[in-house]
Structures are given as structure tokens and as C-alpha cells.
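Remarks on the structure that follows.
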Amino acid sequence: MELASKYNPTDVEGKWYQYWLDNKLFSSKPDGREPYTIVIPPPNVTGVLHMGHMLNNTIQDILVRRARMQGKNACWVPGTDHASIATEAKVVNRLAQQGIKKTDLTRDEFLKHAWDWTDEHGDIILKQLRRLGASCDWDRTAFTMDEERSESVIKVFVDLFNKGLIYRGVRMVNWDPKALTALSDEEVVYKEENSKLFYLKYKVEGDKEGRYAVVATTRPETIMGDTAMCINPNDPKNKWLKGKNVIVPLVGRVIPVIEDDYVDIEFGTGCLKVTPAHDVNDYMLGEKYNLKTIDIFNDNGTISEAAGLYVGMDRFDVREQIEKDLDKAGLLEKVEAYTNKVGFSERTNVAIEPKLSMQWFLKMEHLAKPALEAVMDDDIKFYPSKYKNTYNHWMENIKDWCISRQLWWGHRIPAYFLPEGGYVVAENAEEALQLAKDKTGNSSLTIDDLRQDEDCLDTWFSSWLWPISLFDGINNPNNEEIKYYYPTSDLVTGPDIIFFWVARMIMAGYEYEGEMPFKNVYFTGIVRDKLGRKMSKSLGNSPDPLELIDKYGADGVRMGMMLAAPAGNDILFDDSLCEQGRNFNNKIWNAFRLVKGWNVADIEQPEYAALATEWFEKQLIAATAEIEDLFLKYRLSEALMVVYKLFWDEFSSWYLEMIKPAYGEPIDKKTYESTLHFFDVLLRQLHPFMPFITEELWQHILDRKEDESIMTAQVEKYTEKESDESIKFIASFNKIKEVVSGIRTIRLQKNIAQKDSLELQVIAADAEVLKYSEVIKKLCNISSISVIEQKPEGASSFMVNTTEYFIPLGDLINVEDEIKKLETELKYQEGFLISVMKKLSNEKFVNNAPDKVIEMERKKQADAESKISTLKESIASLKK
């Protein structure tokens with residue numbers, strides 16, 4: 001088929017993606033080849049494609065396509081995450097629109113609605129990834145709550161419980177009042193807020209003088225839960241409070257003054273209100289001194305009956321009201337503006353409440369040790385390596401993981417409570433019943449006597465098994481696929497989930513496979529707008545990825561993102577990057593049409609073409625080695641730039657110009673075949689970055705077989721290393737390119753048409769110029785190149801390194817006009833020199849100005865004097 005005159009992505013992308021699917025070119029099965037495996041970071045089942053997904057999946061696709069072209073058995077496994085909190089919130093909202101409350105439904109009824117939502121929305125993002133060109137093995141698509149993955153999760157929970165690593169207990173947790181569930185520490189995002197610091201008066205019980213202690217707090221609404229006041233025993237200013245009791249403002253409760261080194265003497269007044277039910281540190285003090293705990297909050301963030309005041313009011317409404325009431329009662333000494341960090345739920349963006357709650361926890365210390373060593377010893381490599389420090393800090397200070405969530409959408413915890421108290425943990429109800437009978441000795445128990453825990457597991461408890469469970473390594477640990485594909489090769493992810501997911505996958509890998517889950521972790525940056533703001537729907541600064549693809553084509557968008565995407569650094573994204581990508585597509589397309597439009601003849605190869613093909617072959621060898629090295633270092637953006645410059649600058653701007661036949665003339669067969677070979681090699685190097693246009697053009701180079709694709713064509717492997725001779729050859733050719741640029745500059749400055757041939761003269765014998773003279777003649781319409789002994793009259797010159805070149809102008813220019821132009825420039829330079837000399841003759845300036853400034857002025861003087869001398873010589877020469 002004839003190529004269209006203009007590249008239209010719409011005509012190309014859908015056609016070739018379907019071709020790849022039809023020919024099963026993305027599929028992978030174990031064989032004798034070296035495996036290359038990537039598992040997709042599973043996007044939320046509720047999600048749609050955003051710019052972060054675009055970046056992450058483009059990088060994964062580049063790595064996978066590159067591996068295929070290296071002859072590896074590449075397997076990219078796609079899938080989605082059930083996203084407990086986010087999905088349940090979506091379902092609850094939709095039910096509310098229908099006038100249905102979650103509390104009005106049974107668990108099974110609610111789950112039916114959740115599955116309906118999942119079936120409706122679950123594969124939207126995966127379909128969108130196809131538009132990007134993602135070459136996933138779609139037959140392997142998995143879901144964290146499908147049967148295989150669910151069995152794996154439950155099996156692991158039971159195993160860890162039996163190993164003594166999972167326990168249940170009342171602990172202080174981060175509570176999300178909107179989602180009505182506990183969160184892990186990693187799901188809390190701390191934001192700086194402009195708050196207030198309230199100074200409250202706690203009257204001393206029985207004090208005849210009416211004295212009081214002052215406590216500074218940002219959360220006055222929690223005073224209803226106070227059960228002690230604490231001072232530092234070494235604080236002289238509060239020594240008078242030792243052994244006394246104080247009265248909680250408004251509440252009237254009498255509480256003891258306790259002493260502990262934990263209190264910061266310098267903060268506020270040195271007096272700390274202790275609310276064990278609503279602060280992690282207060283909880284520790286409560287445990288240490290056996291204090292009473294009063295839970296003043298309902299799960300939804302309203303005030304509970306236990307508080308005794310403000311019952312049923314929202315916590316933030318109480319904060320406003322209690323300030324007024326304290327002031328009115330004379331119990332508020334002062335209020336100050338205060339900036340502090342407040343924890344917010346990552347999913348619902350509401351302020352979390354520290355809360356005592358019965359939860360399930362996983363002990364992490366045992367799991368963390370091998371996972372920490374693997375990264376710090378570089379068994380698993382991080383790109384960029386700076387994230388090792390972040391990882392190390394978190395792992396060395398790791399806390400037990402709260403793995404239970406008060407939700408229905410997710411993997412239900414396999415714990416079964418017994419009628420007389422206690423519980424058993426089992427993979428299913430039948431096993432639980434047998435365990436219950438064994439534990440109680442009551443053989444008459446039935447399944448109906450057991451009550452399964454209502455909570456479900458944290459979403460990350462399923463995704464931490466992802467590299468193993470995708471190959472069924474938990475349920476069937478010795479199957480062929482887990483042995484072949486595990487450990488996976490690369491993980492591409494954002495640094496924001498290094499703790500949520502990366503660290504935990506490493507832990508699970510060593511616990512259940514005895515080795516790492518992946519060999520390399522590539523951390524992407526955050527996609528920001530050109531003002532540096534993180535892209536988000538709320539700011540309205542995030543473009544729709546599919547609209548970008550519609551406008552610029554998938555290849556244009558991919559390339560635009562990758563040009564600005566060094567590993568681990570944030571991307572300042574602008575549509576102009578995609579426009580640059582689209583322009584590059586057009587450049588490739590037009591260059592290919594140019595070459596394919598030439599007439600080919602069985603004629604002798606010209607010398608300039610022989611030199612050009614030799615030069616570009618050496619350029620390819622050098623660039624191929626550099627690209628391979630950059631891929632090994634995961635510097636993908638730089639690798640793309642090497643191919644970009646190689647094609648745009650060296651191939652299109654230089655090589656094609658060197659070999660292009662004169663209008664109406666044929667090209668010799670040898671040069672033409674070399675050029676098509678170069679095009680083939682360049683398309684293969686470009687393919688991982690720009691899969692669609694490269695497939696289209698590669699198919700047009702030669703007649704291909706029915707199922708043939710550039711996807712499985714091996715990337716060119718040059719066995720020849722870049723020799724000293726090759727390096728010297730390229731350096732010499734680069735010098736010739738400077739000569740050509742010098743000649744073209746003179747043509748431009750003197751307004752000499754390209755059709756007018758010129759002579760080139762050079763002082764002293766320059767072997768390189770003579771060796772490549774045919775290339776210079778071809779590119780610059782030079783009739784002759786000669787070596788001369790001295791500067792010629794009436795010639796323009798230019799320098800390349802230390803060699804001076806001349807173009808005799810003769811009748812090619814108007815001498816009078818040229819003299820006028822040079823005299824105008826001379827007058828300007830002389831005036832400029834006078835202004836510089838005035839400065840340098842000013843003793844005050846010379847004595848007071850920094851050395852660098854003086855040095856700069858002296859350089860200006862030298863440059864001006866040199867230009868004046870050259871201009872005078874040129875004028876004198878023209879006048880002769």
C-alpha cells in the first residue's frame with residue numbers, strides 16, 4: 001500500500017494494535033528463552049487513565065518491548081486492584097443517590113451492588129491502556145479479588161496467624177470518620193494547617209488561692225476525655241503541682257497530676273493534658289500509669305454519650321463552640337495562631353482521629369529484616385538509588401501493620417468466633433468448625449454456631465502478594481510458571497507507595513518464595529504542570545490523556561512524556577512536549593517517503609555516498625552502544641534523546657542530504673540498500689518508545705510475512721566495538737560538518753544563492769579536507785577545493801579549530817554594498833571599544849570592581865580589537 005502524504009495516527013494506531021492482538025504477539029508461555037517479566041502496578045478498579053498512569057505504563061511498555069526485541073520471553077501481566085476504601089465509597093454514594101443506605105442492606109446485598117459496580121467499571125482503565133499501546137498479555141488479566149488471588153490472600157493470613165505473626169488486640173489506630181475504618185500509618189497524609197493554640201485553665205482542687213495550671217492544646221474538644229495532667233519532674237516552674245489534682249475545665253472531672261520525662265518542658269506551659277483514648281502518646285502514658293480511658297468520639301467523628309457534653313455534635317463544630325464556652329466561663333487564658341501538621345486520610349481526605357480500637361495486626365520485624373538487607377546490599381537495585389535512604393529509614397523504624405478494615409468490600413478476615421468466647425482462624429467455615437470442635441471438645445457444634453469476623457483485610461494485604469499470586473505461587477508453589485517467571489525482572493512504580501507496596505512485596509517475596517520478587521525498581525517522578533503544581537482534578541490542571549492521544553497520537557504523547565521523564569525526578573508536563581513528539585513523527589514519516597520516492601539504478605556508488613554510508617554506520621555503532629548502556633542504567637529519557645538526535649540531526653539533516661540524488665537523477669543501488677538498512681535499524685531502536693509509526697514504516701521497508709512484526713524483530717546488535725580508528729573517523733567527519741556550516745553561513749550572510757557554485761581555499765595542506773572533499777562539494781555546491789600559501793584578496797573566511805578557510809567572492813557580491821555593510825559594523829565595534837576603554841581607564845572602577853568583572857571587560861576589549869582588525873583587513877581587501 002502507498003504511504004499517505006501526511007502521517008495520521010488515527011489511520012495507523014488502531015490497525016496495528018488489532019494486528020498485534022490477532023497474532024498473539026503480547027502473549028507469553030514458559031519456554032527455553034530467558035524470561036523478562038513485569039507485573040503491572042494494579043490500578044484501582046474504579047479508576048480511569050490519568051497522567052501518572054500514562055507515564056508509568058509508557059515506561060513499562062518501553063522496557064517490555066525492548067526485552068522482546070532482545071530475544072527474551074517478555075511477559076507483562078495486567079490487572080486491577082479492588083481498592084476497598086475507594087470502591088466502597090463509590091458504591092455507598094451511588095446507593096445514596098438511589099435513596100438506599102448501606103446500613104439498610106445485608107452484607108451479601110451490599111456486595112452484590114459492589115460487584116455490579118466492578119463489572120461495570122472494572123476494565124475501563126485497562127481498555128484505555130490499549131490506546132497508549134500497552135503490550136500486556138491481556139489473557140493473563142487478574143483482579144485482586146478474583147478466585148485465585150482471594151484463595152492466596154486467605155491462605156497467607158492463616159499461615160501467618162499460625163506462625164504467630166498475626167494477632168488481635170485493642171490498640172491506638174488511625175481512624176477515618178468518613179470511611180468508618182481503621183487505617184495504617186502509611187495511609188495517613190500529614191498536611192500543614194493554620195490552627196490555633198488554646199491555653200486552658202485547669203483549677204487546682206482545694207487550692208485556697210484559686211490557683212490553676214495552664215495547658216496549651218490544639219484540640220480543646222478532647223478535654224472530655226482527659227484522665228490526667230502530666231508534668232516533667234525536672235521542670236522547676238511546675239514543681240508546685242506535684243502530688244495535686246486538677247479539675248478539667250467545663251467537665252468538672254477531678255484528675256491527678258502525674259510526672260513523666262516524656263513532657264517537653266519548653267512546649268507551651270510544660271503541662272500536658274492526657275487523653276489516653278485519643279492520642280498515641282497519651283495512650284502510652286495511660287498504659288504506663290494505669291489511667292482510665294474515655295472514648296469521646298463516635299465512629300463518624302461526632303461526640304459520644306461518654307463525653308457527657310456536646311453529645312451528637314460534630315467534632316469541628318464542638319471546637320468552635322467550646323472556645324466560646326470556655327471563654328464565657330473564664331477558663332480560657334488566651335488563644336494564639338499556630339501552625340501544625342494534621343493527619344488526613346489518604347483516600348477520603350478527612351482529618352483522622354487517633355482512636356482505641358480492636359483490630360488485627362501483623363508483626364513486621366521478622367519480615368522486614370531480609371527485605372531491608374536485600375535493598376541495602378543491592379540485591380534489589382533502586383533507580384534512582386537515593387530512595388534506598390528513604391526505604392532504610394522506614395524499615396529500621398517499622399511498626400506492626402494494622403491489616404483489618406471496617407468495610408465489607410474486600411477479603412473477609414477468616415476468623416470465626418465461638419459461642420462461648422474465643423475464636424479460631426481457618427481457610428473456610430468447614431475447617432473452622434473442625435478447629436472449633438477440637439478446641440472446645442464440643443462435637444455438637446455446627447457452622448451456624450460460628451460467627452465470622454465482619455471486618456475485611458487492608459487492600460495492600462492482597463497486592464503485597466501480587467508478583468507471587470499472579471503466577472499462583474501461594475496455592476501451587478511448585479508450578480511451572482512461578483518457577484519460570486519469578487522473580488520478575490523490573491518493577492515500575494511511584495515513590496509514594498514505596499512503603500505501601502514495594503517494601504511489603506519484598507517482605508512477602510522472601511517469606512513465601514525465599515527470594516526477591518523483582519531485581520530492579522524504577523521509581524517514576526510525579527507529573528506536574530509547567531508551574532510545578534501536582535496534576536489533579538481539583539486544580540483542573542490535568543489534561544485528559546485520551547484527548548491528548550486524539551490530538552497528538554499515542555506515539556507523540558509517549559515521546560513527549562519521556563523526553564521530560566528522568567527516573568525519580570518530577571516531570572514538568574506541557575502540551576508542547578506532545579507537539580514535539582508529533583513533529584518527530586512527521587519528520588520520520590517525511591524522511592521515509594523521501595527515501596522510498598527515489599528512483600534506484602544499478603550504477604556506481606559515488607565517493608561522497610560511500611563516505612557518508614561509512615560515517616553513518618560508525619555513528620550507528622557508537623549510538624547503539626550508548627543506548628544499550630543507558631537502558632542498563634534505566635536512563636530511558638536519555639536513551640530516547642540519543643535516538644532522537646541520531647535520527648533528526650545525523651540521519652535526516654546530514655546523512656540524507658549527503659546521499660540525496662540530484663533532482664530527477666537516480667540513486668545507486670548500494671547506497672539505497674544501505675539507507676533502507678539504516679532506516680530499519682533506526683526504527684527498531686525507536687520502536688519501544690514509538691511503537692505505532694515504527695510498525696507502519698517497518699512493514700513498508702520490505703514485503704513482510706502475514707504475522708511478521710517489528711515487535712519481534714531483534715534490535716540490531718553490532719558486534720564491532722567502537723575502535724580508535726572509528727572514533728577518529730567520526731571526529732574528522734564532525735570537523736567537515738563544521739566546514740560545511742561555515743560555508744553555509746557565508747552564503748547566508750552574503751545572500752549567495754545555492755545554485756551559484758563557490759570555491760573553497762585553505763591555507764596549508766589539510767589532509768582531512770582533501771579526504772572528504774567530495775562530501776563538501778556535494779553539500780555546499782563547491783566547484784573546487786585548493787590549498788593556498790597565503791590569505792587571498794577579496795575573500796570571506798571562517799575558522800575551524802586553528803585552520804582558516806576562504807571563499808573567494810569575486811563577482812558574487814556587490815563590493816560597494818559589502819564595504820558599506822562592513823564599515824557600519826566597524827563603526828559599531830569601534831564605538832563599543834571606546835565604551836569599554838572608558839571603564840577600564842576609570843581608576844575608581846578598576847580598583848573597586850570584582851576581579852571577574854574586570855576580567856570580563858578585558859575580554860570584551862580583546863574581542864572588539866580582534867573584530868576591528870579583521871573588519872579593517874576585509875574592507876582593505878575589498879577596496880583593492
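Going by the C-alpha cells order, chains are called A, B, ..., each with residues numbered from 1, while ligands are numbered from 1 in the order shown.
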At a cut-off of 12 Å, can you tabulate as CSV every residue of region 482-547 of chain A near region 113-130 of chain A together with its closest atom pair and the distance in Å to one decimal, using only C-alpha atoms and ordering rows by chain then number?
```
residue,atom,partner,partner_atom,distance
A:Asp544,CA,A:Gln128,CA,11.4
A:Pro545,CA,A:Gln128,CA,9.2
A:Leu546,CA,A:Gln128,CA,7.7
A:Glu547,CA,A:Gln128,CA,11.4
```
Could you take the residues named above and write them with all heavy atoms, as an mmCIF file, in the first residue's frame?
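In the end it all went to part.cif:
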```
data_model
loop_
_atom_site.group_PDB
_atom_site.id
_atom_site.type_symbol
_atom_site.label_atom_id
_atom_site.label_comp_id
_atom_site.auth_asym_id
_atom_site.auth_seq_id
_atom_site.Cartn_x
_atom_site.Cartn_y
_atom_site.Cartn_z
ATOM 1 N N ASP A 544 -6.828 15.411 29.905
ATOM 2 C CA ASP A 544 -7.370 14.070 29.697
ATOM 3 C C ASP A 544 -6.412 13.332 28.768
ATOM 4 O O ASP A 544 -6.203 13.751 27.624
ATOM 5 C CB ASP A 544 -8.752 14.177 29.060
ATOM 6 C CG ASP A 544 -9.410 12.810 28.867
ATOM 7 O OD1 ASP A 544 -8.683 11.813 28.651
ATOM 8 O OD2 ASP A 544 -10.648 12.737 28.901
ATOM 9 N N PRO A 545 -5.798 12.230 29.242
ATOM 10 C CA PRO A 545 -4.820 11.517 28.414
ATOM 11 C C PRO A 545 -5.368 11.073 27.064
ATOM 12 O O PRO A 545 -4.656 11.112 26.050
ATOM 13 C CB PRO A 545 -4.436 10.307 29.273
ATOM 14 C CG PRO A 545 -4.730 10.729 30.669
ATOM 15 C CD PRO A 545 -5.923 11.614 30.570
ATOM 16 N N LEU A 546 -6.641 10.663 27.033
ATOM 17 C CA LEU A 546 -7.216 10.191 25.771
ATOM 18 C C LEU A 546 -7.399 11.339 24.786
ATOM 19 O O LEU A 546 -7.255 11.159 23.573
ATOM 20 C CB LEU A 546 -8.542 9.480 26.030
ATOM 21 C CG LEU A 546 -8.442 8.213 26.901
ATOM 22 C CD1 LEU A 546 -9.802 7.569 27.040
ATOM 23 C CD2 LEU A 546 -7.445 7.225 26.318
ATOM 24 N N GLU A 547 -7.697 12.535 25.310
ATOM 25 C CA GLU A 547 -7.804 13.700 24.428
ATOM 26 C C GLU A 547 -6.436 14.057 23.857
ATOM 27 O O GLU A 547 -6.320 14.473 22.690
ATOM 28 C CB GLU A 547 -8.394 14.883 25.189
ATOM 29 C CG GLU A 547 -9.883 14.722 25.503
ATOM 30 C CD GLU A 547 -10.456 15.903 26.265
ATOM 31 O OE1 GLU A 547 -9.723 16.906 26.446
ATOM 32 O OE2 GLU A 547 -11.627 15.825 26.694
#
```
Task: Selection: 12 Å around Ser732 (chain A), only C-alpha atoms, excl. self and same-chain fewer than 4 positions, as JSON, numbers by chain - done: {"A": [611, 615, 725, 726, 727, 728, 736, 737, 738, 739, 766, 767, 768, 769, 770, 771, 772, 800, 801]}
May I have the residues from that selection written out with C-alpha atoms, as a short mmCIF file (atom, residue, chain, number, x, y, z; two decimals), in the first residue's frame?
```cif
data_model
loop_
_atom_site.label_atom_id
_atom_site.label_comp_id
_atom_site.auth_asym_id
_atom_site.auth_seq_id
_atom_site.Cartn_x
_atom_site.Cartn_y
_atom_site.Cartn_z
CA LEU A 611 31.96 8.18 2.71
CA TRP A 615 30.32 7.57 8.52
CA GLU A 725 40.11 4.44 14.17
CA SER A 726 36.29 4.72 14.20
CA ILE A 727 36.37 7.42 16.87
CA LYS A 728 38.96 9.34 14.83
CA ILE A 736 33.96 18.53 8.00
CA LYS A 737 30.42 19.31 9.23
CA GLU A 738 31.82 22.50 10.77
CA VAL A 739 33.41 23.40 7.44
CA ASP A 766 44.64 19.85 5.39
CA ALA A 767 44.52 16.14 4.68
CA GLU A 768 41.01 15.77 6.22
CA VAL A 769 39.51 18.37 3.92
CA LEU A 770 41.05 16.73 0.90
CA LYS A 771 39.94 13.27 2.06
CA TYR A 772 36.28 14.37 2.39
CA VAL A 800 37.51 25.59 12.20
CA ASN A 801 39.73 24.96 15.19
#
```
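Here CA of Cys578 (chain A) stands at a distance of 9.0 Å from CA of Ile549 (chain A).
You can rank A:Thr488, A:Ser195, A:Asn586, A:Thr144 by their closest distance to Trp409 (chain A) using only C-alpha atoms, and at the top of that list sits A:Thr144.
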TODO: Find the spatial neighbours of Pro384 (chain A), counting only C-alpha atoms, within a cut-off of 12 Å - ignore same-chain residues fewer than 6 positions away - and output them as a PyMOL selection string.
DONE: chain A and resi 390+492-495+520-525+566-569+633-635
Write the residues you've just listed into a file as an mmCIF file, in the first residue's frame, and include N, CA, C and O atoms for each of them.
```
data_model
loop_
_atom_site.group_PDB
_atom_site.id
_atom_site.type_symbol
_atom_site.label_atom_id
_atom_site.label_comp_id
_atom_site.auth_asym_id
_atom_site.auth_seq_id
_atom_site.Cartn_x
_atom_site.Cartn_y
_atom_site.Cartn_z
ATOM 1 N N THR A 390 15.439 6.458 52.002
ATOM 2 C CA THR A 390 14.039 6.537 52.430
ATOM 3 C C THR A 390 13.564 5.178 52.910
ATOM 4 O O THR A 390 12.927 5.048 53.965
ATOM 5 N N VAL A 492 8.040 -0.996 37.965
ATOM 6 C CA VAL A 492 7.959 0.445 37.706
ATOM 7 C C VAL A 492 6.836 1.004 38.566
ATOM 8 O O VAL A 492 5.690 0.561 38.466
ATOM 9 N N THR A 493 7.161 1.943 39.424
ATOM 10 C CA THR A 493 6.149 2.453 40.354
ATOM 11 C C THR A 493 6.529 3.849 40.814
ATOM 12 O O THR A 493 7.614 4.351 40.510
ATOM 13 N N GLY A 494 5.635 4.479 41.558
ATOM 14 C CA GLY A 494 5.901 5.801 42.110
ATOM 15 C C GLY A 494 6.494 5.690 43.500
ATOM 16 O O GLY A 494 6.177 4.761 44.242
ATOM 17 N N PRO A 495 7.347 6.627 43.890
ATOM 18 C CA PRO A 495 7.961 6.570 45.223
ATOM 19 C C PRO A 495 6.956 6.757 46.348
ATOM 20 O O PRO A 495 7.253 6.441 47.501
ATOM 21 N N ASN A 520 14.915 -5.163 39.925
ATOM 22 C CA ASN A 520 15.127 -3.719 39.819
ATOM 23 C C ASN A 520 13.813 -2.988 40.062
ATOM 24 O O ASN A 520 12.754 -3.452 39.652
ATOM 25 N N VAL A 521 13.918 -1.827 40.715
ATOM 26 C CA VAL A 521 12.742 -0.975 40.929
ATOM 27 C C VAL A 521 13.038 0.395 40.330
ATOM 28 O O VAL A 521 13.999 1.061 40.726
ATOM 29 N N TYR A 522 12.225 0.765 39.339
ATOM 30 C CA TYR A 522 12.356 2.066 38.682
ATOM 31 C C TYR A 522 11.276 2.980 39.247
ATOM 32 O O TYR A 522 10.091 2.726 39.084
ATOM 33 N N PHE A 523 11.715 4.048 39.948
ATOM 34 C CA PHE A 523 10.756 4.983 40.528
ATOM 35 C C PHE A 523 10.529 6.150 39.572
ATOM 36 O O PHE A 523 11.475 6.840 39.178
ATOM 37 N N THR A 524 9.291 6.337 39.178
ATOM 38 C CA THR A 524 8.950 7.467 38.322
ATOM 39 C C THR A 524 8.821 8.721 39.180
ATOM 40 O O THR A 524 8.690 8.644 40.406
ATOM 41 N N GLY A 525 8.848 9.865 38.534
ATOM 42 C CA GLY A 525 8.577 11.105 39.243
ATOM 43 C C GLY A 525 7.086 11.408 39.225
ATOM 44 O O GLY A 525 6.282 10.643 38.697
ATOM 45 N N PRO A 566 13.198 11.912 33.430
ATOM 46 C CA PRO A 566 14.322 11.176 34.031
ATOM 47 C C PRO A 566 13.866 10.451 35.288
ATOM 48 O O PRO A 566 13.005 10.951 36.014
ATOM 49 N N ALA A 567 14.416 9.288 35.534
ATOM 50 C CA ALA A 567 13.983 8.439 36.661
ATOM 51 C C ALA A 567 14.004 9.207 37.972
ATOM 52 O O ALA A 567 14.986 9.861 38.306
ATOM 53 N N GLY A 568 12.895 9.105 38.707
ATOM 54 C CA GLY A 568 12.826 9.661 40.050
ATOM 55 C C GLY A 568 12.643 11.154 40.123
ATOM 56 O O GLY A 568 12.407 11.691 41.195
ATOM 57 N N ASN A 569 12.740 11.867 39.010
ATOM 58 C CA ASN A 569 12.566 13.317 39.029
ATOM 59 C C ASN A 569 11.181 13.673 38.510
ATOM 60 O O ASN A 569 10.654 13.011 37.621
ATOM 61 N N LYS A 633 21.276 1.252 32.669
ATOM 62 C CA LYS A 633 21.259 2.174 33.810
ATOM 63 C C LYS A 633 19.866 2.750 34.053
ATOM 64 O O LYS A 633 19.687 3.611 34.907
ATOM 65 N N TYR A 634 18.878 2.311 33.276
ATOM 66 C CA TYR A 634 17.486 2.762 33.380
ATOM 67 C C TYR A 634 17.366 4.275 33.162
ATOM 68 O O TYR A 634 16.489 4.935 33.706
ATOM 69 N N ARG A 635 18.237 4.792 32.316
ATOM 70 C CA ARG A 635 18.154 6.213 31.944
ATOM 71 C C ARG A 635 17.438 6.289 30.596
ATOM 72 O O ARG A 635 18.027 6.564 29.556
#
```
Task: Test item: residues at most 12 Å from Ala429 (chain A), only C-alpha atoms, excluding those fewer than 2 positions along its chain, as an MDAnalysis selection string - done: chainID A and resid 413:417 424:427 431:436 446:453
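Taking only C-alpha atoms, the non-local environment of region 333-340 of chain A within 10 Å (same-chain residues fewer than 3 positions away omitted) comprises Tyr190, Lys191, Glu192, Glu193, Asn194, Ser195, Lys196, Leu197, Phe198, Tyr199, Leu200, Lys201, Val214, Val215, Ala216, Thr217, Thr218, Glu323, Leu326, Asp327 and Gly330 of chain A.
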Open item on the list: Residues near Thr459 (chain A), anyone? I mean within 10 Å using only C-alpha atoms, not counting same-chain ones fewer than 5 positions away, as a count of residues only.
Closed with: 15
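Near Lys872 (chain A), within 9 Å and counting only C-alpha atoms, sit Leu822, Glu823, Leu826, Lys867, Ile868, Ser869, Ile875, Ala876 and Ser877 of chain A; same-chain residues fewer than 3 positions away were not included.
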Task: Top pick for closest residue to Asn57 (chain A), considering A:His393, A:Arg168, A:Arg558, A:Lys292 and counting only C-alpha atoms - done: A:Arg558
Task: All alpha helix (DSSP H) positions in region 411-658 of chain A, as a ChimeraX atom specification - done: /A:429-440,460-463,466-469,480-485,504-512,545-552,554-563,575-596,607-632,636-645,656-658
- [ ] May I ask which of the residues A:Ala795, A:Glu454, A:Ala134, A:Ile730 is the closest one to Lys879 (chain A), counting only C-alpha atoms?
- [x] A:Ala795
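Put simply, CA of Thr10 (chain A) is 12.6 Å away from CA of Leu548 (chain A).
Each of A:Met658, A:Leu165, A:Ile701, A:Ile782 was compared to Phe678 (chain A) using only C-alpha atoms, and A:Ile701 turns out to be the nearest.
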